[in-house]
>>> print(open('input.csv').read())   # CSV, C-alpha atoms
chain,number,residue,atom,x,y,z
A,998,MET,CA,87.8,74.1,85.1
A,999,SER,CA,87.7,77.9,84.9
A,1000,LEU,CA,84.6,80.1,85.3
A,1001,LYS,CA,84.8,80.8,81.5
A,1002,SER,CA,84.6,77.1,80.8
A,1003,GLU,CA,81.6,76.8,83.0
A,1004,TYR,CA,79.8,79.6,81.2
A,1005,ALA,CA,80.8,78.0,77.8
A,1006,ILE,CA,79.3,74.6,78.9
A,1007,LYS,CA,76.1,76.3,80.1
A,1008,PHE,CA,75.8,78.3,76.8
A,1009,ILE,CA,76.3,75.3,74.6
A,1010,THR,CA,73.9,73.1,76.7
A,1011,TYR,CA,71.1,75.7,76.5
A,1012,THR,CA,71.7,76.3,72.8
A,1013,ILE,CA,71.5,72.6,72.1
A,1014,LEU,CA,68.3,72.3,74.1
A,1015,ILE,CA,66.7,75.1,72.1
A,1016,LEU,CA,67.8,73.5,68.8
A,1017,THR,CA,66.4,70.2,70.0
A,1018,ILE,CA,63.0,71.8,70.7
A,1019,VAL,CA,63.0,73.6,67.4
A,1020,LEU,CA,63.9,70.4,65.4
A,1021,SER,CA,61.3,68.4,67.3
A,1022,TYR,CA,58.7,71.1,66.5
A,1023,LEU,CA,59.6,71.3,62.8
A,1024,ASN,CA,59.3,67.7,61.9
A,1025,HIS,CA,59.5,64.9,64.5
A,1026,GLN,CA,58.7,62.2,61.8
A,1027,ASN,CA,61.7,63.0,59.6
A,1028,PRO,CA,64.4,60.2,60.1
A,1029,ILE,CA,67.2,62.7,59.7
A,1030,ASN,CA,65.8,65.1,62.2
A,1031,LEU,CA,65.1,62.2,64.6
A,1032,ALA,CA,68.7,61.0,64.4
A,1033,LEU,CA,69.9,64.5,64.9
A,1034,LEU,CA,67.5,64.9,67.8
A,1035,VAL,CA,68.8,61.8,69.5
A,1036,ALA,CA,72.5,62.9,69.0
A,1037,LEU,CA,71.7,66.3,70.4
A,1038,GLY,CA,69.9,64.8,73.3
A,1039,LEU,CA,72.9,62.6,74.1
A,1040,LEU,CA,75.2,65.6,73.8
A,1041,VAL,CA,73.0,67.5,76.3
A,1042,LEU,CA,73.2,64.7,78.8
A,1043,VAL,CA,77.0,64.6,78.5
A,1044,LEU,CA,77.3,68.4,78.9
A,1045,LEU,CA,75.0,68.3,81.9
A,1046,ALA,CA,77.0,65.5,83.5
A,1047,LEU,CA,80.2,67.5,83.0
A,1048,GLN,CA,78.6,70.6,84.5
A,1049,ASN,CA,77.3,68.7,87.5
A,1050,LYS,CA,80.7,67.1,88.1
A,1051,ASN,CA,82.4,70.5,87.9
A,1052,THR,CA,79.9,72.0,90.3
A,1053,LYS,CA,80.5,69.3,92.9
A,1054,LYS,CA,84.3,69.7,92.5
A,1055,HIS,CA,83.9,73.5,93.0
A,1056,MET,CA,81.8,73.0,96.1
A,1057,ILE,CA,84.3,70.6,97.6
A,1058,LEU,CA,87.2,72.9,96.9
A,1059,ASN,CA,85.3,75.9,98.4
A,1060,SER,CA,84.6,73.8,101.5
A,1061,ILE,CA,88.3,73.4,102.4
A,1062,TYR,CA,90.1,76.3,100.9
A,1063,ASP,CA,90.1,80.1,101.6
A,1064,THR,CA,89.4,81.9,98.3
A,1065,LYS,CA,91.7,84.8,98.9
A,1066,THR,CA,94.9,83.1,100.1
A,1067,LYS,CA,94.3,79.6,98.5
A,1068,LEU,CA,95.3,78.2,101.9
A,1069,TYR,CA,93.1,75.8,103.8
A,1070,ASN,CA,90.3,77.3,105.7
A,1071,ARG,CA,89.6,77.2,109.5
A,1072,GLN,CA,87.1,74.3,109.3
A,1073,TYR,CA,89.6,72.1,107.5
A,1074,PHE,CA,92.4,73.1,109.9
A,1075,ILE,CA,90.3,72.2,113.0
A,1076,ALA,CA,89.5,68.7,111.5
A,1077,GLU,CA,93.2,68.1,110.6
A,1078,LEU,CA,94.4,69.3,114.0
A,1079,SER,CA,92.5,66.6,115.8
A,1080,THR,CA,93.8,63.8,113.4
A,1081,THR,CA,97.4,65.1,113.4
A,1082,TYR,CA,97.4,65.6,117.2
A,1083,GLU,CA,96.2,62.1,117.8
A,1084,ARG,CA,98.9,60.7,115.5
A,1085,ALA,CA,101.6,62.7,117.3
A,1086,ILE,CA,100.5,61.4,120.7
A,1087,ARG,CA,100.3,57.8,119.4
A,1088,TYR,CA,103.8,57.8,117.9
A,1089,ASP,CA,105.3,60.1,120.6
A,1090,SER,CA,106.4,62.6,118.0
A,1091,ALA,CA,106.7,66.4,118.3
A,1092,LEU,CA,104.0,68.6,116.8
A,1093,SER,CA,104.3,72.4,116.7
A,1094,LEU,CA,102.0,75.2,115.8
A,1095,LEU,CA,103.1,78.5,114.1
A,1096,ILE,CA,100.8,81.5,114.3
A,1097,ILE,CA,101.4,84.4,111.9
A,1098,GLY,CA,99.4,87.5,112.6
A,1099,ILE,CA,98.9,90.7,110.6
A,1100,ASP,CA,98.3,93.2,113.3
A,1101,ASN,CA,97.4,96.2,111.1
A,1102,LEU,CA,95.4,94.5,108.4
A,1103,ASN,CA,92.2,96.4,109.2
A,1104,GLU,CA,94.0,99.6,108.4
A,1105,PHE,CA,94.2,98.7,104.7
A,1106,LYS,CA,91.6,99.3,102.0
A,1107,ASN,CA,89.8,96.1,100.9
A,1108,LYS,CA,91.7,96.0,97.6
A,1109,ASP,CA,95.1,96.2,99.4
A,1110,LYS,CA,94.0,93.6,102.0
A,1111,ASP,CA,93.3,91.2,99.1
A,1112,ILE,CA,96.7,91.9,97.6
A,1113,ILE,CA,98.5,91.3,100.9
A,1114,LEU,CA,96.6,88.1,101.7
A,1115,LYS,CA,97.3,86.8,98.2
A,1116,GLU,CA,101.0,87.5,98.5
A,1117,ILE,CA,101.2,85.9,101.9
A,1118,GLY,CA,99.3,82.8,100.7
A,1119,ASN,CA,101.6,82.4,97.7
A,1120,TYR,CA,104.7,82.7,99.9
A,1121,MET,CA,103.4,80.2,102.5
A,1122,LEU,CA,102.5,77.7,99.8
A,1123,GLN,CA,105.8,77.9,98.1
A,1124,HIS,CA,107.9,77.7,101.2
A,1125,SER,CA,106.1,75.1,103.4
A,1126,ARG,CA,106.7,71.4,103.5
A,1127,GLN,CA,104.2,69.0,101.9
A,1128,SER,CA,103.4,67.6,105.3
A,1129,ASP,CA,102.6,71.1,106.8
A,1130,ILE,CA,99.0,72.2,107.1
A,1131,VAL,CA,98.7,75.9,106.4
A,1132,CYS,CA,95.4,77.7,106.8
A,1133,ARG,CA,93.9,81.1,107.1
A,1134,TYR,CA,92.5,80.8,110.6
A,1135,ASP,CA,90.6,84.1,110.7
A,1136,ASP,CA,90.7,87.6,109.1
A,1137,GLU,CA,94.2,88.5,110.5
A,1138,ARG,CA,95.9,85.2,111.3
A,1139,ILE,CA,97.6,82.4,109.4
A,1140,VAL,CA,98.0,79.2,111.4
A,1141,MET,CA,100.5,76.4,110.4
A,1142,LEU,CA,100.7,72.9,111.8
A,1143,LEU,CA,104.2,71.5,111.7
A,1144,PRO,CA,104.2,67.7,112.2
A,1145,MET,CA,107.3,66.0,113.6
A,1146,THR,CA,108.7,69.4,114.6
A,1147,ASP,CA,109.9,70.3,118.0
A,1148,TYR,CA,110.0,73.8,119.5
A,1149,LEU,CA,113.6,74.4,118.4
A,1150,HIS,CA,112.9,73.6,114.7
A,1151,ALA,CA,109.6,75.4,114.9
A,1152,THR,CA,111.5,78.5,116.0
A,1153,ILE,CA,113.9,78.1,113.1
A,1154,ALA,CA,110.9,77.8,110.8
A,1155,LYS,CA,109.3,80.9,112.4
A,1156,ASP,CA,112.5,82.9,111.8
A,1157,ARG,CA,112.6,81.7,108.2
A,1158,PHE,CA,109.0,82.7,107.5
A,1159,LYS,CA,109.5,86.0,109.3
A,1160,ASN,CA,112.5,86.9,107.1
A,1161,GLY,CA,110.7,85.8,104.0
A,1162,LEU,CA,107.4,87.7,104.7
A,1163,LEU,CA,109.2,90.9,105.8
A,1164,ASN,CA,111.2,90.9,102.6
A,1165,ILE,CA,108.1,90.7,100.3
A,1166,ASN,CA,107.7,93.9,98.3
A,1167,PHE,CA,104.0,94.4,98.8
A,1168,PRO,CA,102.6,96.8,96.2
A,1169,THR,CA,100.7,98.8,98.8
A,1170,GLU,CA,101.2,102.3,100.3
A,1171,LYS,CA,102.3,100.9,103.7
A,1172,ARG,CA,103.6,97.6,104.9
A,1173,PRO,CA,101.8,94.9,107.0
A,1174,ILE,CA,103.0,94.5,110.6
A,1175,PHE,CA,103.5,90.8,111.4
A,1176,ARG,CA,103.6,88.9,114.7
A,1177,PHE,CA,105.0,85.4,114.9
A,1178,VAL,CA,104.5,82.8,117.7
A,1179,ALA,CA,105.7,79.1,117.8
A,1180,THR,CA,104.4,76.5,120.3
A,1181,GLN,CA,105.1,72.8,120.7
A,1182,ASN,CA,102.5,70.3,121.9
A,1183,SER,CA,102.6,68.7,125.4
A,1184,PRO,CA,101.6,65.0,126.0
A,1185,ASP,CA,99.4,66.0,129.0
A,1186,GLU,CA,97.0,68.0,126.9
A,1187,ASP,CA,94.5,67.4,124.1
A,1188,ALA,CA,94.3,69.1,120.7
A,1189,GLU,CA,91.9,71.8,121.9
A,1190,GLU,CA,94.1,72.6,124.9
A,1191,PHE,CA,97.1,72.8,122.7
A,1192,LEU,CA,95.4,75.2,120.4
A,1193,ILE,CA,94.2,77.4,123.3
A,1194,ARG,CA,97.7,77.5,124.8
A,1195,ALA,CA,99.2,78.5,121.5
A,1196,PHE,CA,96.7,81.4,121.1
A,1197,ASP,CA,97.2,82.4,124.8
A,1198,GLY,CA,100.9,82.9,123.9
A,1199,TYR,CA,99.9,85.0,120.9
>>> encode(input="input.csv", output="structure tokens")
Amino acid sequence: MSLKSEYAIKFITYTILILTIVLSYLNHQNPINLALLVALGLLVLVLLALQNKNTKKHMILNSIYDTKTKLYNRQYFIAELSTTYERAIRYDSALSLLIIGIDNLNEFKNKDKDIILKEIGNYMLQHSRQSDIVCRYDDERIVMLLPMTDYLHATIAKDRFKNGLLNINFPTEKRPIFRFVATQNSPDEDAEEFLIRAFDGY
């Protein structure tokens, strides 16, 4: 539900509440007014329930997604890294991590930063697999978990994303400078050590 829909529900709800109070004040003994009062009361309850449901949904979405890129946020990524890493170790399957940095992002104006991040987010969502976990790790880095992917195939993915991002026609005065690093997990380390090693290589 959009922000406009939220405002519409709030406006209708408060309008009905006011009408209910007015009708109650005018004549609470009139059967027609009483029936209308009950109907309005039920409608208010329905609208409040819809508004509450939408608020909860909005809070859940904001808790796992980055608002600018529409990618997962860092908190969600850390939680998923642990689960995905355990699964990879259990089934003896490869797991790779791709880090995409934007080295000069701080040199852009806030408006241009938002444009760049939105374009990158759109590209990553359109060109990643359903099983991949793509997140905005911090201000300047996108991190991507690649399940069942060894270093060779992670490098192929890295080159593919590199070519794609470098060919985006960003509507800004200058272009972002990217850095790409791919790392595969090792069975003798845990998820945290894997992440640290990946960033050490960055």
>>> closest_residue(input="input.csv", among="A:Phe1158, A:Asp1135, A:Lys1108, A:Leu1095", to="Phe1191 in chain A", atoms="only C-alpha atoms")
A:Leu1095
>>> closest_residue(input="input.csv", among="A:Ala1091, A:Leu1122, A:Ile1113, A:Ile1096", to="Lys1067 in chain A", atoms="all atoms listed in the file")
A:Leu1122
>>> residues_around(input="input.csv", residues="Lys1115 in chain A", least_positions_apart="4", cutoff="7 Å", atoms="all atoms listed in the file", output="ChimeraX atom specification")
/A:1065-1066,1111,1119
>>> residues_around(input="input.csv", residues="range 1175-1180 of chain A", least_positions_apart="4", cutoff="10 Å", atoms="all atoms listed in the file", output="MDAnalysis selection string")
chainID A and resid 1092:1102 1137:1143 1147:1156 1158:1159 1162:1163 1191:1192 1194:1196 1198:1199
>>> closest_residue(input="input.csv", among="A:Met1145, A:Asp1129, A:Gly1161, A:Thr1169", to="Gln1181 in chain A", atoms="only C-alpha atoms")
A:Met1145
>>> atom_distance(input="input.csv", atom1="CA of Glu1189 in chain A", atom2="CA of Thr1081 in chain A")
12.1 Å
>>> atom_distance(input="input.csv", atom1="CA of Ala1188 in chain A", atom2="CA of Arg1157 in chain A")
25.5 Å
>>> atom_distance(input="input.csv", atom1="CA of Lys1106 in chain A", atom2="CA of Thr1064 in chain A")
17.9 Å
>>> closest_residue(input="input.csv", among="A:Ser1128, A:Ser1060, A:Arg1133, A:Ser1183", to="Leu1114 in chain A", atoms="only C-alpha atoms")
A:Arg1133
>>> closest_residue(input="input.csv", among="A:Thr1146, A:Arg1087, A:Lys1110, A:Thr1080", to="Arg1126 in chain A", atoms="only C-alpha atoms")
A:Thr1146
>>> closest_residue(input="input.csv", among="A:Glu1116, A:Pro1144, A:Ile1061, A:Ile1193", to="Arg1084 in chain A", atoms="only C-alpha atoms")
A:Pro1144
